[in-house]
Each structure stands twice: as C-alpha cells, then as structure tokens.
>>> print(open('model_4.cif').read())   # mmCIF, C-alpha atoms
data_final
loop_
_atom_site.label_atom_id
_atom_site.label_comp_id
_atom_site.auth_asym_id
_atom_site.auth_seq_id
_atom_site.Cartn_x
_atom_site.Cartn_y
_atom_site.Cartn_z
CA MET A 814 21.54 177.66 157.78
CA TRP A 815 21.59 176.07 154.31
CA SER A 816 21.51 178.63 151.50
CA GLN A 817 21.37 178.44 147.71
CA ARG A 818 24.01 180.69 146.17
CA ASP A 819 22.15 181.20 142.90
CA PRO A 820 20.24 184.47 143.46
CA SER A 821 17.83 183.83 140.58
CA LEU A 822 16.55 180.73 142.37
CA ARG A 823 16.41 182.33 145.80
CA LYS A 824 14.60 185.45 144.60
CA SER A 825 12.06 183.67 142.40
CA GLY A 826 9.85 182.90 145.41
CA ALA A 827 8.72 179.58 143.92
CA GLY A 828 8.84 176.74 146.43
CA ASN A 829 9.21 179.04 149.44
CA ILE A 830 7.24 178.22 152.61
CA PHE A 831 6.74 179.91 155.96
CA VAL A 832 6.68 177.92 159.20
CA ARG A 833 4.96 179.55 162.18
CA ASN A 834 4.66 178.57 165.86
CA LEU A 835 7.94 176.67 166.07
CA ASP A 836 9.12 175.25 169.36
CA ARG A 837 11.88 177.54 170.62
CA ASN A 838 14.27 174.59 170.81
CA ILE A 839 14.04 173.93 167.07
CA ASP A 840 17.22 175.11 165.33
CA ASN A 841 18.24 175.29 161.66
CA LYS A 842 19.37 171.65 161.55
CA ALA A 843 16.19 170.33 163.17
CA LEU A 844 14.09 172.38 160.76
CA TYR A 845 16.11 171.05 157.83
CA ASP A 846 15.83 167.44 159.02
CA THR A 847 12.05 167.78 159.31
CA PHE A 848 11.43 169.29 155.87
CA SER A 849 14.17 167.58 153.78
CA LEU A 850 11.93 164.53 153.45
CA PHE A 851 9.83 166.28 150.79
CA GLY A 852 12.46 167.48 148.34
CA ASN A 853 15.73 169.27 147.73
CA ILE A 854 16.05 172.36 149.97
CA LEU A 855 17.73 175.48 148.61
CA SER A 856 17.76 177.32 151.95
CA CYS A 857 16.49 176.78 155.46
CA LYS A 858 16.49 179.19 158.38
CA VAL A 859 14.97 179.72 161.82
CA ALA A 860 14.55 183.43 162.55
CA CYS A 861 16.50 184.46 165.67
CA ASP A 862 16.83 187.60 167.77
CA HIS A 863 20.10 189.46 168.46
CA ALA A 864 20.88 187.00 171.25
CA GLY A 865 20.56 184.02 168.92
CA LYS A 866 17.26 182.79 170.41
CA SER A 867 14.50 181.54 168.13
CA ARG A 868 11.64 183.93 167.36
CA GLY A 869 9.30 180.99 166.84
CA TYR A 870 9.15 180.97 163.04
CA GLY A 871 11.28 180.03 160.06
CA PHE A 872 11.56 179.66 156.28
CA VAL A 873 12.21 176.72 153.99
CA HIS A 874 12.87 177.20 150.28
CA TYR A 875 12.50 174.14 148.06
CA GLU A 876 13.89 173.63 144.59
CA THR A 877 10.42 172.86 143.25
CA GLU A 878 6.92 174.09 143.89
CA GLU A 879 5.70 170.50 144.12
CA ALA A 880 8.00 169.78 147.09
CA ALA A 881 6.71 172.89 148.85
CA LYS A 882 3.08 171.79 148.31
CA GLN A 883 3.81 168.36 149.77
CA ALA A 884 5.50 169.90 152.81
CA ILE A 885 2.51 172.17 153.44
CA GLU A 886 0.04 169.27 153.09
CA ARG A 887 2.03 166.88 155.29
CA VAL A 888 3.47 169.13 158.01
CA ASN A 889 0.82 171.83 158.51
CA GLY A 890 -0.96 171.09 161.79
CA MET A 891 1.68 168.59 162.98
CA GLN A 892 3.23 168.77 166.41
CA ILE A 893 6.97 169.40 166.34
CA GLY A 894 8.48 169.44 169.80
CA ASP A 895 5.89 170.97 172.11
CA LYS A 896 4.19 173.10 169.45
CA THR A 897 1.67 172.54 166.68
CA VAL A 898 3.14 174.27 163.64
CA GLU A 899 1.41 176.19 160.89
CA VAL A 900 2.96 175.83 157.43
CA THR A 901 1.90 178.10 154.57
CA ARG A 902 3.19 179.36 151.25
CA PHE A 903 5.52 182.31 151.84
CA LEU A 904 4.30 185.58 150.31
CA LYS A 905 6.47 188.59 149.67
CA ARG A 906 5.41 191.73 151.49
CA ASP A 907 4.03 193.31 148.30
CA ASP A 908 1.88 190.23 147.59
CA ARG A 909 0.29 189.98 151.04
CA GLU A 910 -3.23 191.13 151.77
CA PRO A 911 -2.98 194.32 153.78
CA ALA A 912 -3.84 193.70 157.41
CA PRO A 913 -6.93 195.60 158.53
CA VAL A 914 -5.92 198.70 160.43
CA ALA A 915 -7.74 199.68 163.60
CA TYR A 916 -8.12 203.44 163.78
CA THR A 917 -10.37 206.05 165.33
CA ASN A 918 -8.83 209.26 163.98
CA ILE A 919 -9.88 210.46 160.51
CA TYR A 920 -8.71 213.30 158.27
CA VAL A 921 -11.15 215.41 156.27
CA LYS A 922 -10.24 217.84 153.50
CA ASN A 923 -12.08 219.96 150.93
CA VAL A 924 -14.32 221.10 153.79
CA PRO A 925 -16.78 223.76 152.51
CA PRO A 926 -15.89 227.35 153.55
CA ASN A 927 -19.17 227.81 155.41
CA PHE A 928 -18.68 224.76 157.64
CA ASP A 929 -18.30 225.29 161.38
CA ASP A 930 -17.90 222.89 164.33
CA ASP A 931 -21.65 222.38 164.73
CA MET A 932 -22.14 221.51 161.05
CA LEU A 933 -19.17 219.15 161.15
CA LYS A 934 -20.46 217.33 164.23
CA SER A 935 -23.94 217.16 162.72
CA MET A 936 -22.60 215.46 159.58
CA PHE A 937 -20.14 213.11 161.26
CA GLY A 938 -21.89 212.54 164.60
CA GLY A 939 -24.40 210.15 163.08
CA TYR A 940 -21.74 207.48 162.71
CA GLY A 941 -20.76 207.26 166.36
CA THR A 942 -19.56 209.13 169.43
CA ILE A 943 -17.00 211.82 168.59
CA THR A 944 -14.40 212.28 171.32
CA SER A 945 -12.66 215.28 169.71
CA SER A 946 -12.78 217.32 166.52
CA ALA A 947 -11.13 220.41 165.08
CA ILE A 948 -11.50 222.51 161.94
CA LEU A 949 -8.28 224.15 160.78
CA GLU A 950 -7.49 226.59 158.00
CA ASP A 951 -4.43 227.15 155.86
CA ALA A 952 -3.14 230.59 154.90
CA LYS A 953 -5.66 230.82 152.06
CA GLY A 954 -8.61 230.03 154.28
CA ARG A 955 -9.14 226.50 152.96
CA LYS A 956 -10.53 224.24 155.65
CA PHE A 957 -9.53 220.76 156.75
CA SER A 958 -10.39 218.76 159.83
CA PHE A 959 -9.45 215.94 162.17
CA ILE A 960 -12.16 213.91 163.90
CA ASN A 961 -11.58 211.24 166.52
CA TYR A 962 -14.26 208.64 167.24
CA GLU A 963 -14.71 206.44 170.27
CA THR A 964 -14.59 203.24 168.18
CA THR A 965 -12.90 201.99 165.02
CA GLU A 966 -16.26 200.89 163.62
CA SER A 967 -17.59 204.46 163.79
CA ALA A 968 -14.53 205.87 162.04
CA GLN A 969 -14.65 203.23 159.29
CA LYS A 970 -18.37 203.83 158.71
CA ALA A 971 -17.79 207.57 158.35
CA VAL A 972 -15.04 206.97 155.80
CA GLU A 973 -17.19 204.52 153.81
CA GLU A 974 -20.24 206.77 153.72
CA LEU A 975 -18.73 210.24 153.33
CA ASN A 976 -15.54 209.89 151.31
CA GLY A 977 -16.15 211.40 147.87
CA LYS A 978 -19.39 213.10 148.89
CA ASP A 979 -20.20 216.11 146.72
CA LEU A 980 -21.02 219.10 148.96
CA ARG A 981 -20.90 221.68 146.17
CA THR A 982 -23.93 223.86 145.52
CA ASP A 983 -25.66 223.79 142.12
CA GLU A 984 -24.05 227.13 141.37
CA GLN A 985 -20.56 225.80 142.15
CA LYS A 986 -21.17 222.78 139.93
CA GLU A 987 -22.14 225.02 137.02
CA GLU A 988 -19.03 227.16 137.51
CA GLN A 989 -16.76 224.09 137.56
CA LYS A 990 -14.44 224.04 134.56
CA GLU A 991 -14.13 220.78 132.65
CA ASP A 992 -10.36 220.52 133.06
CA GLU A 993 -10.41 221.18 136.81
CA GLU A 994 -10.54 218.53 139.49
CA PRO A 995 -13.81 218.78 141.46
CA GLU A 996 -13.39 219.45 145.18
CA LEU A 997 -15.22 216.41 146.51
CA LEU A 998 -15.06 215.75 150.24
CA TYR A 999 -12.09 213.56 151.16
CA VAL A 1000 -12.50 211.45 154.30
CA GLY A 1001 -9.83 208.92 155.25
CA ARG A 1002 -7.80 207.47 158.06
CA ALA A 1003 -5.36 210.02 159.49
CA GLN A 1004 -1.89 208.80 158.55
CA THR A 1005 1.13 208.53 160.81
CA LYS A 1006 4.45 210.16 159.94
CA ALA A 1007 5.89 206.79 158.94
CA GLU A 1008 3.01 206.13 156.55
CA ARG A 1009 3.33 209.57 155.00
CA ALA A 1010 7.04 208.92 154.52
CA ARG A 1011 6.36 205.60 152.74
CA GLU A 1012 3.71 207.17 150.54
CA PHE A 1013 5.96 210.06 149.61
CA LYS A 1014 8.86 207.73 148.91
CA ALA A 1015 6.71 205.60 146.60
CA LYS A 1016 5.49 208.69 144.77
CA SER A 1017 8.96 210.14 144.37
CA ALA A 1018 10.49 206.82 143.26
CA PRO A 1019 10.10 207.57 139.51
CA ALA A 1020 11.96 210.83 140.09
CA ALA A 1021 14.85 208.93 141.57
CA GLY A 1022 16.10 207.71 138.19
CA SER A 1023 19.34 208.75 136.55
CA GLN A 1024 18.17 212.31 135.91
CA ALA A 1025 16.90 212.68 139.46
CA ARG A 1026 20.20 211.44 140.84
CA GLN A 1027 21.91 214.27 139.03
CA GLN A 1028 19.37 216.98 139.82
CA GLY A 1029 18.07 215.89 143.23
CA VAL A 1030 14.49 215.77 144.50
CA ASN A 1031 12.55 219.04 144.42
CA LEU A 1032 9.97 219.85 147.10
CA TYR A 1033 7.15 222.37 146.89
CA VAL A 1034 6.55 224.38 150.07
CA LYS A 1035 3.57 226.70 150.59
CA ASN A 1036 1.88 228.77 153.30
CA LEU A 1037 5.17 230.56 153.85
CA ASP A 1038 5.28 233.90 155.66
CA GLU A 1039 5.77 236.95 153.41
CA ASP A 1040 9.12 237.71 155.08
CA VAL A 1041 10.67 234.36 154.13
CA SER A 1042 13.78 234.66 151.91
CA ASP A 1043 15.86 232.09 150.03
CA ALA A 1044 18.26 231.93 152.97
CA THR A 1045 15.60 231.53 155.68
CA LEU A 1046 13.82 228.88 153.60
CA LYS A 1047 17.07 226.94 153.40
CA GLU A 1048 17.55 227.29 157.17
CA LEU A 1049 14.14 225.71 157.76
CA PHE A 1050 15.12 222.55 155.88
CA GLU A 1051 18.90 222.21 156.04
CA THR A 1052 18.82 219.92 159.09
CA PHE A 1053 17.35 217.15 156.90
CA GLY A 1054 20.23 216.88 154.43
CA THR A 1055 22.15 218.48 151.60
CA ILE A 1056 20.16 221.23 149.88
CA THR A 1057 21.22 221.92 146.30
CA SER A 1058 18.91 224.92 145.89
CA SER A 1059 16.20 226.85 147.74
CA VAL A 1060 13.99 229.57 146.26
CA ALA A 1061 11.24 231.60 147.93
CA MET A 1062 9.08 233.06 145.15
CA LYS A 1063 8.79 236.87 145.39
CA ASP A 1064 6.29 239.46 144.17
CA GLU A 1065 7.07 242.89 142.69
CA LYS A 1066 7.55 244.27 146.21
CA ASP A 1067 10.17 241.61 147.00
CA LYS A 1068 7.80 239.87 149.42
CA CYS A 1069 7.38 236.11 149.45
CA LYS A 1070 4.28 234.99 147.53
CA GLY A 1071 3.68 232.28 150.11
CA PHE A 1072 5.38 229.40 148.33
CA GLY A 1073 8.82 228.21 147.33
CA PHE A 1074 10.99 225.25 146.35
CA VAL A 1075 13.67 223.28 148.18
CA CYS A 1076 15.79 220.74 146.31
CA PHE A 1077 17.53 217.94 148.21
CA ALA A 1078 20.42 215.86 146.95
CA SER A 1079 18.73 212.51 147.67
CA PRO A 1080 15.20 211.03 147.92
CA ASP A 1081 15.82 209.87 151.50
CA GLU A 1082 16.61 213.42 152.63
CA ALA A 1083 13.54 214.77 150.86
CA THR A 1084 11.35 212.07 152.43
CA LYS A 1085 12.56 212.98 155.90
CA ALA A 1086 11.88 216.68 155.25
CA VAL A 1087 8.30 215.97 154.13
CA THR A 1088 7.67 213.69 157.09
CA GLU A 1089 8.87 216.22 159.65
CA MET A 1090 7.77 219.52 158.07
CA HIS A 1091 4.39 218.83 156.44
CA LEU A 1092 1.70 220.66 158.49
CA LYS A 1093 4.31 221.99 160.91
CA VAL A 1094 3.28 225.44 162.13
CA VAL A 1095 5.86 228.12 161.24
CA LYS A 1096 5.09 231.72 162.13
CA GLY A 1097 1.48 230.81 162.83
CA LYS A 1098 0.87 228.97 159.55
CA PRO A 1099 0.74 225.19 158.90
CA LEU A 1100 3.21 224.48 156.11
CA TYR A 1101 2.34 222.31 153.14
CA VAL A 1102 5.37 220.29 151.99
CA GLY A 1103 5.17 217.85 149.09
CA LEU A 1104 6.89 216.65 145.95
CA ALA A 1105 7.05 219.39 143.29
CA GLU A 1106 4.98 218.29 140.32
CA LYS A 1107 5.33 219.73 136.84
CA LYS A 1108 2.17 221.12 135.27
CA GLU A 1109 2.31 218.59 132.42
CA ALA A 1110 2.63 215.67 134.85
CA ARG A 1111 -0.31 216.91 136.90
CA GLN A 1112 -2.51 217.35 133.83
CA GLU A 1113 -1.67 213.84 132.66
CA ARG A 1114 -2.44 212.43 136.12
CA LEU A 1115 -5.84 214.16 136.17
CA ARG A 1116 -6.58 213.03 132.62
CA GLN A 1117 -5.91 209.40 133.53
CA ARG A 1118 -7.89 209.67 136.76
CA TYR A 1119 -11.03 211.14 135.22
CA GLN A 1120 -11.08 209.53 131.79
CA PRO A 1121 -14.06 207.16 131.25
CA GLY A 1122 -13.55 203.88 133.06
CA ALA A 1123 -10.71 205.19 135.23
CA GLY A 1124 -12.86 204.94 138.32
CA GLY A 1125 -10.56 207.17 140.31
CA MET A 1126 -11.72 209.02 143.38
CA PRO A 1127 -9.74 211.90 144.80
CA GLY A 1128 -7.69 210.52 147.65
CA MET A 1129 -4.73 211.92 149.44
CA MET A 1130 -3.68 213.52 146.16
CA GLY A 1131 -5.90 216.52 146.45
CA LYS A 1132 -6.59 219.53 144.31
CA GLY A 1133 -3.55 220.88 142.56
CA GLY A 1134 -2.03 224.05 143.86
CA LYS A 1135 -1.03 227.17 142.07
CA ASP A 1136 1.53 227.04 139.25
CA GLY A 1137 0.73 223.41 138.53
CA MET A 1138 1.94 222.08 141.87
CA GLY A 1139 -0.12 219.26 143.30
CA LYS A 1140 -0.67 218.40 146.92
CA GLY A 1141 1.84 215.64 147.27
CA MET A 1142 0.24 214.05 150.35
CA GLY A 1143 -2.47 214.43 152.89
CA LYS A 1144 -2.06 214.31 156.62
#
>>> encode(input="model_4.cif", output="structure tokens")
Amino acid sequence: MWSQRDPSLRKSGAGNIFVRNLDRNIDNKALYDTFSLFGNILSCKVACDHAGKSRGYGFVHYETEEAAKQAIERVNGMQIGDKTVEVTRFLKRDDREPAPVAYTNIYVKNVPPNFDDDMLKSMFGGYGTITSSAILEDAKGRKFSFINYETTESAQKAVEELNGKDLRTDEQKEEQKEDEEPELLYVGRAQTKAERAREFKAKSAPAAGSQARQQGVNLYVKNLDEDVSDATLKELFETFGTITSSVAMKDEKDKCKGFGFVCFASPDEATKAVTEMHLKVVKGKPLYVGLAEKKEARQERLRQRYQPGAGGMPGMMGKGGKDGMGKGMGK
C-alpha cells in the first residue's frame, strides 16, 4: 500500500476514487500500476479480509482532482483481469445518499386516548395487509403502537400519509396553549437498538464537550415504580458503566414520583444504557430512558422548530415530559 503521510491531504477527500468489482487476484501493486498512468497517487489500497484476501474493491487517492476525473473517465467500465470494474468518486459516509431501507414494522405515538384495536386497524388497514398490531400504554395512560405490514410498500405508504396527521378534536385545538407542542400523530419506521444508539449518541454529542467530560451525561428515566429508591435506581443501570449520581424523585410521602435521573461518567456508557433500557418493562411498566434536557434547551428547540419557515414536523423527539424533560428518542 502506498500512503501519503500528510494528513491534511489524505483527509481532504479531493481526488479520492472508489474502485468496485475488482478481480480477486488484483493486489495493491497491480492497482497502483493500473491507475498511476493518470497522475501522482497519494495512497492506494485493495481492501482485504482478516486472512489477507481481497474483498473485491479498493481506493485510489490522487494528488489532484483532475487526475481522479481522468481515471474515472478512462477506467470505469474497463475489464481488469476477469472483471469489469466500476470506478466512481469516493464519498465519505456522511456525504452519501442514504440507502432506502426496507421495513414492514412501524411505530406510532401520540395515539388518541379513545383509540382501540379496531379503530387502529380501520385507520391503518387501508394501506395494506396488517400481520400484527398492538396498542400499549405507559404508566400515565398515554398510548403508543406498533404495526407490522405484510409488505414494505404498505408500511411506507402509511408513514407518508399518516405521519403528522392531526387527530385532535376542535375542543382540544381550542384548549391548546400557544407555547405547547401540539400532539400530532407520529408514524415512522420502528428503529432497531443500533439505530436508537446512533441517534442518541448524535443528540448527546454537544453535551460531550469539556463541561460534559467533567460532569458526565445525565439521563432522564420515567415510569418508575413508586417503591424505587436512589439505590435501586442505581442498581438498574450500574451494569452499563460508572454512575456518578442517581436520584429517584420523591413526593411528601417519600414515594417515588415516577421519574428520576442517572448520570454516567461517559457518553458511551449512557448510550448503552439508553439502548438496552428504553421501553424495557420493569415491575410491569415500560421505562422511558432518554437524555435529560434542560427546560431552557427544550423551549429553544421548540421555538426553532415552530417559528415561521422552520418547517419542522414532530418526529422521534416527541412531546416534552414533566419538569422540562423531553422525550429523547422514540422506539
């Protein structure tokens, strides 16, 4: 492998190309010999597995963008060895178009209190065959649901048509306060644990600055049983890492109010706790676990989302909870 030692050149991304469908016999030298005709190469590599065998693709980084363009024009579609290669501009992960995700399972929240299984199936059944559905409630009686369709097309159509639908009555609309987030129906693809972890990590990234490194990452936990104490709350989460503090909020009778806070020493530990514990049933109640959000931060987020031209639609960041705590993530 040839590699440029100047990190500013390597990380710029300019002149970087991706070579797909390589013959498995092509090694670093053969790749270099093929592409060195078009300009000075900063680095050149064939991706290999742990046994040193080619994975069938590689990367070539030129000193100039012009050399990369010539290589793409001249080599793309050529046969090298026994394979016809595809040569394209290399894009960083963040710059790539997200690949369409095939899914059949959707998550629904802000379900009206009067909804039952029949009403749910009546609303969602028009988009395709439903193989399974369930309406669940948290400790405060708020409803959410999971619906699984037979086909991806049905699930996608339901999301497109119903996400953001306003199911409030005229009376509820009149009672809505101006500074409150309206409870519009949220319909989206049900996320996996890994996706929830990535989303949480991205959201908590700003909190991982110098102050966060000193104070840790604080999680908000609700739907706790009334018998939960500071010690038992810590026991629930201590397997995920170092806990710097845990507090179960109490009423005047020394009973848990149903929510509390757990602070982890690092963002990675907090991410793991959210991934594993969010919606986990403890003492008959599905826990909500998310990043603790200060009241001022939540108000600013809502202001930006609903100011004219913002165009925001409530997504996985749902209605804020009590004491200014927002729902950090959806299922």
>>> residues_around(input="model_4.cif", residues="segment 892-898 of chain A", least_positions_apart="6", cutoff="7 Å", atoms="only C-alpha atoms", output="PyMOL selection string")
chain A and resi 832-836
>>> resolve_selection(input="model_4.cif", expression="the PyMOL selection byres ((chain A and resi 1083-1090) around 10)", output="VMD selection string")
chain A and resid 1005 to 1015 1017 1029 to 1034 1049 to 1056 1075 to 1082 1091 to 1095 1099 to 1104 1141 to 1142 1144
>>> write_last_selection(input="model_4.cif", atoms="C-alpha atoms", output="CSV table (one decimal), in the frame of the given file")
chain,number,residue,atom,x,y,z
A,1005,THR,CA,1.1,208.5,160.8
A,1006,LYS,CA,4.4,210.2,159.9
A,1007,ALA,CA,5.9,206.8,158.9
A,1008,GLU,CA,3.0,206.1,156.6
A,1009,ARG,CA,3.3,209.6,155.0
A,1010,ALA,CA,7.0,208.9,154.5
A,1011,ARG,CA,6.4,205.6,152.7
A,1012,GLU,CA,3.7,207.2,150.5
A,1013,PHE,CA,6.0,210.1,149.6
A,1014,LYS,CA,8.9,207.7,148.9
A,1015,ALA,CA,6.7,205.6,146.6
A,1017,SER,CA,9.0,210.1,144.4
A,1029,GLY,CA,18.1,215.9,143.2
A,1030,VAL,CA,14.5,215.8,144.5
A,1031,ASN,CA,12.6,219.0,144.4
A,1032,LEU,CA,10.0,219.8,147.1
A,1033,TYR,CA,7.2,222.4,146.9
A,1034,VAL,CA,6.6,224.4,150.1
A,1049,LEU,CA,14.1,225.7,157.8
A,1050,PHE,CA,15.1,222.6,155.9
A,1051,GLU,CA,18.9,222.2,156.0
A,1052,THR,CA,18.8,219.9,159.1
A,1053,PHE,CA,17.4,217.2,156.9
A,1054,GLY,CA,20.2,216.9,154.4
A,1055,THR,CA,22.2,218.5,151.6
A,1056,ILE,CA,20.2,221.2,149.9
A,1075,VAL,CA,13.7,223.3,148.2
A,1076,CYS,CA,15.8,220.7,146.3
A,1077,PHE,CA,17.5,217.9,148.2
A,1078,ALA,CA,20.4,215.9,147.0
A,1079,SER,CA,18.7,212.5,147.7
A,1080,PRO,CA,15.2,211.0,147.9
A,1081,ASP,CA,15.8,209.9,151.5
A,1082,GLU,CA,16.6,213.4,152.6
A,1091,HIS,CA,4.4,218.8,156.4
A,1092,LEU,CA,1.7,220.7,158.5
A,1093,LYS,CA,4.3,222.0,160.9
A,1094,VAL,CA,3.3,225.4,162.1
A,1095,VAL,CA,5.9,228.1,161.2
A,1099,PRO,CA,0.7,225.2,158.9
A,1100,LEU,CA,3.2,224.5,156.1
A,1101,TYR,CA,2.3,222.3,153.1
A,1102,VAL,CA,5.4,220.3,152.0
A,1103,GLY,CA,5.2,217.8,149.1
A,1104,LEU,CA,6.9,216.6,146.0
A,1141,GLY,CA,1.8,215.6,147.3
A,1142,MET,CA,0.2,214.0,150.4
A,1144,LYS,CA,-2.1,214.3,156.6
>>> resolve_selection(input="model_4.cif", expression="the PyMOL selection byres ((chain A and resi 900) around 6)", output="ChimeraX atom specification")
/A:831-832,885,889,899,901
>>> write_last_selection(input="model_4.cif", atoms="C-alpha atoms", output="PDB file, keeping the file's coordinate frame")
ATOM      1  CA  PHE A 831       6.740 179.910 155.960  1.00  0.00           C
ATOM      2  CA  VAL A 832       6.680 177.920 159.200  1.00  0.00           C
ATOM      3  CA  ILE A 885       2.510 172.170 153.440  1.00  0.00           C
ATOM      4  CA  ASN A 889       0.820 171.830 158.510  1.00  0.00           C
ATOM      5  CA  GLU A 899       1.410 176.190 160.890  1.00  0.00           C
ATOM      6  CA  THR A 901       1.900 178.100 154.570  1.00  0.00           C
TER       7      THR A 901
END
>>> closest_residue(input="model_4.cif", among="A:Lys1035, A:Ile948, A:Phe1074, A:Gly890", to="Lys1047 of chain A", atoms="only C-alpha atoms")
A:Phe1074
>>> resolve_selection(input="model_4.cif", expression="the PyMOL selection byres ((chain A and resi 843) around 12)", output="compact mmCIF listing (two decimals) with C-alpha atoms, in the coordinates of the input")
# COMPACT_ATOMS: atom_id res chain seq x y z
CA MET A 814 21.54 177.66 157.78
CA TRP A 815 21.59 176.07 154.31
CA LEU A 835 7.94 176.67 166.07
CA ASP A 836 9.12 175.25 169.36
CA ARG A 837 11.88 177.54 170.62
CA ASN A 838 14.27 174.59 170.81
CA ILE A 839 14.04 173.93 167.07
CA ASP A 840 17.22 175.11 165.33
CA ASN A 841 18.24 175.29 161.66
CA LYS A 842 19.37 171.65 161.55
CA LEU A 844 14.09 172.38 160.76
CA TYR A 845 16.11 171.05 157.83
CA ASP A 846 15.83 167.44 159.02
CA THR A 847 12.05 167.78 159.31
CA PHE A 848 11.43 169.29 155.87
CA SER A 849 14.17 167.58 153.78
CA CYS A 857 16.49 176.78 155.46
CA LYS A 858 16.49 179.19 158.38
CA VAL A 859 14.97 179.72 161.82
CA GLY A 871 11.28 180.03 160.06
CA VAL A 873 12.21 176.72 153.99
CA ILE A 893 6.97 169.40 166.34
CA GLY A 894 8.48 169.44 169.80
>>> closest_residue(input="model_4.cif", among="A:Ser867, A:Thr877, A:Gln989, A:Asn961", to="Gly941 of chain A", atoms="all atoms listed in the file")
A:Asn961
>>> residues_around(input="model_4.cif", residues="segment 921-934 of chain A", least_positions_apart="4", cutoff="7 Å", atoms="all atoms listed in the file", output="ChimeraX atom specification")
/A:938,948,955-959,996-1001
>>> residues_around(input="model_4.cif", residues="Asp1040 of chain A", least_positions_apart="6", cutoff="12 Å", atoms="only C-alpha atoms", output="VMD selection string")
chain A and resid 1046 1061 to 1064 1066 to 1072 1095 to 1096
>>> atom_distance(input="model_4.cif", atom1="atom CA of Leu855 of chain A", atom2="atom CA of Glu879 of chain A")
13.8 Å
>>> atom_distance(input="model_4.cif", atom1="atom CA of Gly954 of chain A", atom2="atom CA of Val972 of chain A")
24.0 Å
>>> atom_distance(input="model_4.cif", atom1="atom CA of Ala1003 of chain A", atom2="atom CA of Lys1098 of chain A")
19.9 Å
>>> closest_residue(input="model_4.cif", among="A:Gly939, A:Gly1097, A:Gly852, A:Gly865", to="Ser967 of chain A", atoms="all atoms listed in the file")
A:Gly939
